[in-house]
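Undergrad: So I've got this file, run32.cif, and it contains mmCIF, C-alpha atoms and all ligand atoms; chains and numbers go by the auth columns:
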```cif
data_query
#
loop_
_atom_site.group_PDB
_atom_site.id
_atom_site.type_symbol
_atom_site.label_atom_id
_atom_site.label_comp_id
_atom_site.label_asym_id
_atom_site.label_seq_id
_atom_site.Cartn_x
_atom_site.Cartn_y
_atom_site.Cartn_z
_atom_site.B_iso_or_equiv
_atom_site.auth_seq_id
_atom_site.auth_asym_id
ATOM 1 C CA MET A 1 26.017 4.603 -142.037 0.00 3 A
ATOM 2 C CA THR A 2 25.960 7.196 -139.273 0.00 4 A
ATOM 3 C CA SER A 3 28.144 7.093 -136.205 0.00 5 A
ATOM 4 C CA PRO A 4 28.071 5.719 -133.570 0.00 6 A
ATOM 5 C CA ALA A 5 26.789 2.371 -134.745 0.00 7 A
ATOM 6 C CA THR A 6 26.427 -0.939 -132.955 0.00 8 A
ATOM 7 C CA PRO A 7 28.307 -4.009 -134.202 0.00 9 A
ATOM 8 C CA ALA A 8 25.023 -5.462 -135.476 0.00 10 A
ATOM 9 C CA GLU A 9 24.221 -2.299 -137.455 0.00 11 A
ATOM 10 C CA VAL A 10 27.685 -2.282 -139.025 0.00 12 A
ATOM 11 C CA ILE A 11 27.465 -5.946 -140.019 0.00 13 A
ATOM 12 C CA GLN A 12 24.050 -5.347 -141.550 0.00 14 A
ATOM 13 C CA ALA A 13 25.337 -2.360 -143.534 0.00 15 A
ATOM 14 C CA LEU A 14 28.301 -4.381 -144.826 0.00 16 A
ATOM 15 C CA GLN A 15 26.033 -7.255 -145.820 0.00 17 A
ATOM 16 C CA GLN A 16 23.650 -4.898 -147.597 0.00 18 A
ATOM 17 C CA GLY A 17 26.555 -3.221 -149.403 0.00 19 A
ATOM 18 C CA ASN A 18 27.871 -6.562 -150.637 0.00 20 A
ATOM 19 C CA GLU A 19 24.369 -7.533 -151.724 0.00 21 A
ATOM 20 C CA ARG A 20 24.075 -4.339 -153.806 0.00 22 A
ATOM 21 C CA PHE A 21 27.468 -5.039 -155.388 0.00 23 A
ATOM 22 C CA ARG A 22 26.568 -8.666 -156.131 0.00 24 A
ATOM 23 C CA GLU A 23 23.298 -7.690 -157.729 0.00 25 A
ATOM 24 C CA ALA A 24 24.919 -4.871 -159.775 0.00 26 A
ATOM 25 C CA ARG A 25 22.956 -2.269 -157.768 0.00 27 A
ATOM 26 C CA SER A 26 25.960 -0.419 -156.286 0.00 28 A
ATOM 27 C CA ILE A 27 25.207 3.179 -155.389 0.00 29 A
ATOM 28 C CA HIS A 28 28.883 4.125 -154.800 0.00 30 A
ATOM 29 C CA PRO A 29 28.216 6.166 -151.666 0.00 31 A
ATOM 30 C CA HIS A 30 30.694 8.635 -150.189 0.00 32 A
ATOM 31 C CA ALA A 31 32.762 8.718 -153.370 0.00 33 A
ATOM 32 C CA SER A 32 32.683 12.474 -154.008 0.00 34 A
ATOM 33 C CA GLN A 33 35.335 15.122 -153.486 0.00 35 A
ATOM 34 C CA ALA A 34 32.861 16.839 -151.139 0.00 36 A
ATOM 35 C CA ARG A 35 32.749 13.755 -148.920 0.00 37 A
ATOM 36 C CA LEU A 36 36.511 13.704 -148.672 0.00 38 A
ATOM 37 C CA HIS A 37 36.573 17.412 -147.809 0.00 39 A
ATOM 38 C CA GLU A 38 34.068 16.715 -145.014 0.00 40 A
ATOM 39 C CA LEU A 39 36.500 14.158 -143.617 0.00 41 A
ATOM 40 C CA GLU A 40 39.521 16.427 -143.763 0.00 42 A
ATOM 41 C CA THR A 41 39.553 17.047 -140.022 0.00 43 A
ATOM 42 C CA GLY A 42 38.937 13.462 -138.934 0.00 44 A
ATOM 43 C CA GLN A 43 37.609 10.005 -139.673 0.00 45 A
ATOM 44 C CA THR A 44 35.065 7.764 -137.969 0.00 46 A
ATOM 45 C CA PRO A 45 35.149 4.547 -139.989 0.00 47 A
ATOM 46 C CA GLN A 46 32.546 1.927 -139.130 0.00 48 A
ATOM 47 C CA ALA A 47 34.793 -1.123 -139.315 0.00 49 A
ATOM 48 C CA ALA A 48 38.397 -2.231 -139.590 0.00 50 A
ATOM 49 C CA VAL A 49 38.895 -4.804 -142.332 0.00 51 A
ATOM 50 C CA LEU A 50 41.995 -7.001 -142.484 0.00 52 A
ATOM 51 C CA THR A 51 42.099 -8.621 -145.882 0.00 53 A
ATOM 52 C CA CYS A 52 44.448 -9.743 -148.649 0.00 54 A
ATOM 53 C CA SER A 53 46.512 -7.427 -150.868 0.00 55 A
ATOM 54 C CA ASP A 54 45.133 -9.345 -153.877 0.00 56 A
ATOM 55 C CA SER A 55 44.172 -6.805 -156.563 0.00 57 A
ATOM 56 C CA ARG A 56 40.771 -8.446 -156.944 0.00 58 A
ATOM 57 C CA VAL A 57 39.782 -7.875 -153.328 0.00 59 A
ATOM 58 C CA ALA A 58 38.923 -4.172 -153.604 0.00 60 A
ATOM 59 C CA VAL A 59 37.236 -3.763 -150.249 0.00 61 A
ATOM 60 C CA GLU A 60 35.322 -0.498 -150.761 0.00 62 A
ATOM 61 C CA LEU A 61 33.871 -1.797 -154.038 0.00 63 A
ATOM 62 C CA LEU A 62 32.894 -5.199 -152.611 0.00 64 A
ATOM 63 C CA PHE A 63 30.978 -3.529 -149.787 0.00 65 A
ATOM 64 C CA ASP A 64 29.704 -0.623 -151.896 0.00 66 A
ATOM 65 C CA SER A 65 31.216 1.910 -149.514 0.00 67 A
ATOM 66 C CA GLY A 66 33.415 4.964 -149.901 0.00 68 A
ATOM 67 C CA PHE A 67 35.713 7.512 -148.313 0.00 69 A
ATOM 68 C CA GLY A 68 35.778 7.350 -144.528 0.00 70 A
ATOM 69 C CA ASP A 69 33.709 4.168 -144.200 0.00 71 A
ATOM 70 C CA LEU A 70 36.271 1.401 -143.744 0.00 72 A
ATOM 71 C CA PHE A 71 39.707 1.270 -142.127 0.00 73 A
ATOM 72 C CA VAL A 72 41.416 -1.250 -144.383 0.00 74 A
ATOM 73 C CA ILE A 73 44.549 -3.227 -143.564 0.00 75 A
ATOM 74 C CA ARG A 74 45.963 -5.498 -146.221 0.00 76 A
ATOM 75 C CA ASN A 75 48.851 -7.895 -146.611 0.00 77 A
ATOM 76 C CA ALA A 76 49.373 -10.983 -148.751 0.00 78 A
ATOM 77 C CA GLY A 77 47.085 -13.612 -147.236 0.00 79 A
ATOM 78 C CA ASN A 78 45.567 -11.295 -144.586 0.00 80 A
ATOM 79 C CA ALA A 79 47.884 -12.687 -141.935 0.00 81 A
ATOM 80 C CA SER A 80 48.126 -11.613 -138.334 0.00 82 A
ATOM 81 C CA THR A 81 51.440 -9.751 -138.150 0.00 83 A
ATOM 82 C CA PRO A 82 52.732 -7.127 -135.688 0.00 84 A
ATOM 83 C CA GLY A 83 51.930 -4.473 -138.299 0.00 85 A
ATOM 84 C CA SER A 84 48.404 -5.676 -139.009 0.00 86 A
ATOM 85 C CA LEU A 85 47.615 -6.086 -135.303 0.00 87 A
ATOM 86 C CA ALA A 86 48.953 -2.590 -134.529 0.00 88 A
ATOM 87 C CA SER A 87 46.743 -1.173 -137.289 0.00 89 A
ATOM 88 C CA VAL A 88 43.693 -3.024 -135.960 0.00 90 A
ATOM 89 C CA GLU A 89 44.426 -1.783 -132.442 0.00 91 A
ATOM 90 C CA TYR A 90 44.709 1.790 -133.738 0.00 92 A
ATOM 91 C CA ALA A 91 41.306 1.500 -135.380 0.00 93 A
ATOM 92 C CA VAL A 92 39.790 0.121 -132.163 0.00 94 A
ATOM 93 C CA GLU A 93 41.521 2.402 -129.664 0.00 95 A
ATOM 94 C CA ALA A 94 41.780 5.713 -131.519 0.00 96 A
ATOM 95 C CA LEU A 95 38.866 5.459 -133.956 0.00 97 A
ATOM 96 C CA ASN A 96 36.501 3.317 -131.838 0.00 98 A
ATOM 97 C CA VAL A 97 35.426 0.971 -134.616 0.00 99 A
ATOM 98 C CA PRO A 98 32.782 -1.434 -133.273 0.00 100 A
ATOM 99 C CA VAL A 99 33.670 -4.186 -135.782 0.00 101 A
ATOM 100 C CA VAL A 100 36.887 -5.858 -136.928 0.00 102 A
ATOM 101 C CA LEU A 101 36.436 -8.066 -139.971 0.00 103 A
ATOM 102 C CA VAL A 102 39.082 -10.539 -141.115 0.00 104 A
ATOM 103 C CA MET A 103 38.310 -11.528 -144.694 0.00 105 A
ATOM 104 C CA SER A 104 40.135 -14.123 -146.745 0.00 106 A
ATOM 105 C CA HIS A 105 39.207 -14.930 -150.344 0.00 107 A
ATOM 106 C CA SER A 106 38.988 -17.776 -152.806 0.00 108 A
ATOM 107 C CA GLY A 107 41.981 -18.181 -155.095 0.00 109 A
ATOM 108 C CA CYS A 108 44.336 -16.672 -152.496 0.00 110 A
ATOM 109 C CA GLY A 109 47.960 -17.125 -153.608 0.00 111 A
ATOM 110 C CA ALA A 110 49.376 -16.805 -150.100 0.00 112 A
ATOM 111 C CA VAL A 111 47.047 -19.393 -148.575 0.00 113 A
ATOM 112 C CA GLY A 112 47.605 -21.592 -151.641 0.00 114 A
ATOM 113 C CA ALA A 113 51.359 -21.360 -151.118 0.00 115 A
ATOM 114 C CA ALA A 114 50.888 -22.229 -147.440 0.00 116 A
ATOM 115 C CA CYS A 115 49.126 -25.406 -148.575 0.00 117 A
ATOM 116 C CA SER A 116 51.854 -26.223 -151.150 0.00 118 A
ATOM 117 C CA PRO A 117 55.142 -25.489 -149.388 0.00 119 A
ATOM 118 C CA GLU A 118 57.214 -26.884 -152.246 0.00 120 A
ATOM 119 C CA HIS A 119 56.839 -23.511 -154.018 0.00 121 A
ATOM 120 C CA LEU A 120 60.090 -21.560 -154.162 0.00 122 A
ATOM 121 C CA LEU A 121 59.832 -18.446 -152.038 0.00 123 A
ATOM 122 C CA THR A 122 62.182 -15.770 -150.736 0.00 124 A
ATOM 123 C CA PRO A 123 63.176 -16.134 -147.072 0.00 125 A
ATOM 124 C CA THR A 124 60.802 -13.325 -146.060 0.00 126 A
ATOM 125 C CA LEU A 125 57.918 -14.878 -147.969 0.00 127 A
ATOM 126 C CA MET A 126 58.722 -18.290 -146.501 0.00 128 A
ATOM 127 C CA ASP A 127 58.455 -16.783 -143.042 0.00 129 A
ATOM 128 C CA HIS A 128 55.124 -15.102 -143.871 0.00 130 A
ATOM 129 C CA VAL A 129 53.610 -18.121 -145.603 0.00 131 A
ATOM 130 C CA GLY A 130 55.016 -20.455 -142.946 0.00 132 A
ATOM 131 C CA HIS A 131 53.070 -18.532 -140.319 0.00 133 A
ATOM 132 C CA ILE A 132 49.861 -19.070 -142.303 0.00 134 A
ATOM 133 C CA ARG A 133 50.720 -22.771 -142.743 0.00 135 A
ATOM 134 C CA ASN A 134 51.396 -23.262 -139.032 0.00 136 A
ATOM 135 C CA GLY A 135 48.047 -21.707 -138.208 0.00 137 A
ATOM 136 C CA LEU A 136 46.238 -23.985 -140.638 0.00 138 A
ATOM 137 C CA LYS A 137 48.068 -27.017 -139.220 0.00 139 A
ATOM 138 C CA ALA A 138 47.170 -26.081 -135.657 0.00 140 A
ATOM 139 C CA GLY A 139 43.591 -25.502 -136.833 0.00 141 A
ATOM 140 C CA GLY A 140 43.390 -29.113 -138.012 0.00 142 A
ATOM 141 C CA LEU A 141 43.511 -28.694 -141.799 0.00 143 A
ATOM 142 C CA ALA A 142 44.399 -31.989 -143.493 0.00 144 A
ATOM 143 C CA PHE A 143 47.505 -31.453 -145.617 0.00 145 A
ATOM 144 C CA ILE A 144 47.054 -34.679 -147.552 0.00 146 A
ATOM 145 C CA PRO A 145 46.847 -33.800 -151.285 0.00 147 A
ATOM 146 C CA PRO A 146 44.635 -32.611 -152.737 0.00 148 A
ATOM 147 C CA VAL A 147 44.275 -30.056 -149.952 0.00 149 A
ATOM 148 C CA ASP A 148 40.757 -28.649 -149.576 0.00 150 A
ATOM 149 C CA LEU A 149 41.602 -25.047 -150.426 0.00 151 A
ATOM 150 C CA SER A 150 38.083 -23.832 -149.844 0.00 152 A
ATOM 151 C CA ALA A 151 38.279 -25.129 -146.279 0.00 153 A
ATOM 152 C CA ALA A 152 41.729 -23.547 -145.963 0.00 154 A
ATOM 153 C CA TYR A 153 40.491 -20.054 -146.932 0.00 155 A
ATOM 154 C CA ASN A 154 37.673 -20.209 -144.383 0.00 156 A
ATOM 155 C CA LEU A 155 39.813 -21.698 -141.625 0.00 157 A
ATOM 156 C CA HIS A 156 42.601 -19.192 -142.187 0.00 158 A
ATOM 157 C CA SER A 157 40.214 -16.290 -141.759 0.00 159 A
ATOM 158 C CA LYS A 158 38.953 -17.651 -138.443 0.00 160 A
ATOM 159 C CA ILE A 159 42.466 -18.467 -137.231 0.00 161 A
ATOM 160 C CA THR A 160 43.721 -14.964 -138.058 0.00 162 A
ATOM 161 C CA ALA A 161 40.802 -13.420 -136.177 0.00 163 A
ATOM 162 C CA ARG A 162 41.589 -15.591 -133.148 0.00 164 A
ATOM 163 C CA GLU A 163 45.290 -14.719 -133.338 0.00 165 A
ATOM 164 C CA LEU A 164 44.528 -11.015 -133.330 0.00 166 A
ATOM 165 C CA ILE A 165 42.352 -11.405 -130.248 0.00 167 A
ATOM 166 C CA ASN A 166 44.748 -13.748 -128.436 0.00 168 A
ATOM 167 C CA THR A 167 47.612 -11.302 -128.986 0.00 169 A
ATOM 168 C CA SER A 168 45.744 -8.167 -127.940 0.00 170 A
ATOM 169 C CA ALA A 169 44.576 -7.298 -124.424 0.00 171 A
ATOM 170 C CA LEU A 170 42.822 -4.265 -125.936 0.00 172 A
ATOM 171 C CA LEU A 171 40.693 -6.376 -128.280 0.00 173 A
ATOM 172 C CA ARG A 172 39.794 -8.791 -125.459 0.00 174 A
ATOM 173 C CA GLU A 173 38.739 -5.901 -123.190 0.00 175 A
ATOM 174 C CA ARG A 174 36.549 -4.327 -125.871 0.00 176 A
ATOM 175 C CA ILE A 175 34.974 -7.693 -126.730 0.00 177 A
ATOM 176 C CA GLN A 176 34.238 -8.427 -123.071 0.00 178 A
ATOM 177 C CA SER A 177 32.626 -5.021 -122.567 0.00 179 A
ATOM 178 C CA GLY A 178 30.413 -5.542 -125.625 0.00 180 A
ATOM 179 C CA GLN A 179 31.912 -2.615 -127.548 0.00 181 A
ATOM 180 C CA LEU A 180 33.571 -4.737 -130.227 0.00 182 A
ATOM 181 C CA GLU A 181 32.870 -7.769 -132.374 0.00 183 A
ATOM 182 C CA VAL A 182 35.561 -9.545 -134.387 0.00 184 A
ATOM 183 C CA HIS A 183 34.151 -11.418 -137.377 0.00 185 A
ATOM 184 C CA ALA A 184 35.667 -13.809 -139.900 0.00 186 A
ATOM 185 C CA ALA A 185 34.516 -13.949 -143.508 0.00 187 A
ATOM 186 C CA CYS A 186 35.574 -15.182 -146.926 0.00 188 A
ATOM 187 C CA PHE A 187 35.045 -13.444 -150.268 0.00 189 A
ATOM 188 C CA GLU A 188 34.193 -15.828 -153.087 0.00 190 A
ATOM 189 C CA LEU A 189 35.494 -14.513 -156.406 0.00 191 A
ATOM 190 C CA HIS A 190 33.130 -16.641 -158.493 0.00 192 A
ATOM 191 C CA THR A 191 29.861 -15.700 -156.778 0.00 193 A
ATOM 192 C CA LEU A 192 31.031 -12.234 -155.612 0.00 194 A
ATOM 193 C CA ALA A 193 29.505 -13.083 -152.223 0.00 195 A
ATOM 194 C CA VAL A 194 31.057 -12.548 -148.821 0.00 196 A
ATOM 195 C CA THR A 195 30.376 -15.577 -146.634 0.00 197 A
ATOM 196 C CA TRP A 196 30.186 -14.621 -142.984 0.00 198 A
ATOM 197 C CA LEU A 197 31.854 -17.242 -140.817 0.00 199 A
ATOM 198 C CA GLY A 198 30.770 -15.954 -137.436 0.00 200 A
ATOM 199 C CA VAL A 199 32.056 -14.041 -134.445 0.00 201 A
ATOM 200 C CA GLU A 200 35.415 -14.949 -132.989 0.00 202 A
ATOM 201 C CA THR A 201 36.205 -14.437 -129.316 0.00 203 A
ATOM 202 C CA GLY A 202 39.735 -15.797 -129.160 0.00 204 A
ATOM 203 C CA ALA A 203 41.533 -18.754 -127.518 0.00 205 A
HETATM 204 ZN ZN ZN B . 45.047 -13.521 -151.228 0.00 301 B
#
```
Give the structure from the file, written as structure tokens.

TA:
Amino acid sequence: MTSPATPAEVIQALQQGNERFREARSIHPHASQARLHELETGQTPQAAVLTCSDSRVAVELLFDSGFGDLFVIRNAGNASTPGSLASVEYAVEALNVPVVLVMSHSGCGAVGAACSPEHLLTPTLMDHVGHIRNGLKAGGLAFIPPVDLSAAYNLHSKITARELINTSALLRERIQSGQLEVHAACFELHTLAVTWLGVETGA
């Protein structure tokens, strides 16, 4: 990818990268020491990605990208937190990324815990997971067992994207001026595919 890119170009590049990975055709771009030396004086990543800390969700590998391509923010369950929002805003304001992608994943322990609140958690984890649970509740997820976890992963991604936008005047301004798109997606561990769940605009 070359900068500056439009949101549509960035989405296409991410989709093509995931397709290469899925089909075992990864080219591992921008992985050299030379590439990193080129970036020593600055970065122009093409997208900010808020995703889960899960060790299986290795963002650069899933999108067959490398150094300098993606500004990645991770926490357990890719939740909207003050820290994750601040990081997204930095990527938008200082680095001018045209795309913010919120990506949940199948088999997510944090979203699973949010759907099964009987799990014993530390107070900090309860707070974090409770936030995810409240979002899912407000989003209309049925909590009658067995909870549809697949629906929960998808819904959580969309809800987090909306929360980021609703909490950030900067994101709303950039969306309204056409400079930014915020997308939701879900990575499926079994198929290795990223399912794109559409553009979010907030509210
Ligand atoms: Zn997870």

Undergrad: To check your reading of the model: which residues sit at most 9 Å from ligand ZN 301 (chain B) when counting all atoms listed in the file? Write the answer as a list in words.

TA: Thr53, Cys54, Ser55, Asp56, Ser57, Arg58, Val59, Asn77, Ala78, Gly79, Asn80, Ser106, His107, Ser108, Gly109, Cys110, Gly111, Ala112, Val113 and Gly114 of chain A

Undergrad: For a test of reading the model, state the distance in Å between atom CA of His158 of chain A and atom CA of Ser82 of chain A, rounded to one decimal.

TA: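 According to the coordinates, atom CA of His158 of chain A and atom CA of Ser82 of chain A are separated by 10.1 Å.
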
Undergrad: What's around Asp129 of chain A at 12 Å? Count all atoms listed in the file, leave out sequence neighbours fewer than 5 positions away in its own chain, and write the answer as a PyMOL selection string.

TA: chain A and resi 81+83+112+115-116+119+123-124+134-136

Undergrad: Check which residues satisfy the PyMOL selection byres (((chain A and resi 88) around 12) and not hetatm) in the file shown, then give them as a PyMOL selection string.

TA: chain A and resi 50+52+75+82-87+89-96+166-167+169-173

Undergrad: Compile the contact shell of Glu25 of chain A as a compact mmCIF listing (two decimals) with C-alpha atoms, in the frame of the given file: residues with an atom at most 12 Å away, counting only C-alpha atoms, same-chain residues fewer than 6 positions apart removed.

TA:
```txt
# COMPACT_ATOMS: atom_id res chain seq x y z
CA GLN A 18 23.65 -4.90 -147.60
CA GLY A 19 26.56 -3.22 -149.40
CA LEU A 64 32.89 -5.20 -152.61
CA PHE A 65 30.98 -3.53 -149.79
CA ASP A 66 29.70 -0.62 -151.90
CA THR A 193 29.86 -15.70 -156.78
CA LEU A 194 31.03 -12.23 -155.61
CA ALA A 195 29.50 -13.08 -152.22
```

Undergrad: Which residues fall under the PyMOL selection byres (((chain A and resi 71-73) around 7) and not hetatm) in this file, as number ranges by chain?

TA: A: 47-51, 67-70, 74-75, 93

Undergrad: When distances are computed from all atoms listed in the file, which of A:Leu182, A:Ala26, A:Cys117, A:Met105 shows the smallest separation from Leu63 of chain A?

TA: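 When distances to Leu63 of chain A are compared using all atoms listed in the file, the smallest one comes from A:Ala26.
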
Undergrad: From the set A:Ile177, A:Leu138, A:Ala186, A:Val102, which residue has the shortest atom-to-atom contact distance to Leu151 of chain A, counting all atoms listed in the file?

TA: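 For Leu151 of chain A, the nearest of the given residues is A:Leu138.
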
Undergrad: Could you check the closest approach to Thr46 of chain A for each of A:Ala7, A:Ala163, A:Cys188, A:Leu143 and tell me which residue wins, using all atoms listed in the file?

TA: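 Checking each of A:Ala7, A:Ala163, A:Cys188, A:Leu143 against Thr46 of chain A, counting all atoms listed in the file, the winner is A:Ala7.
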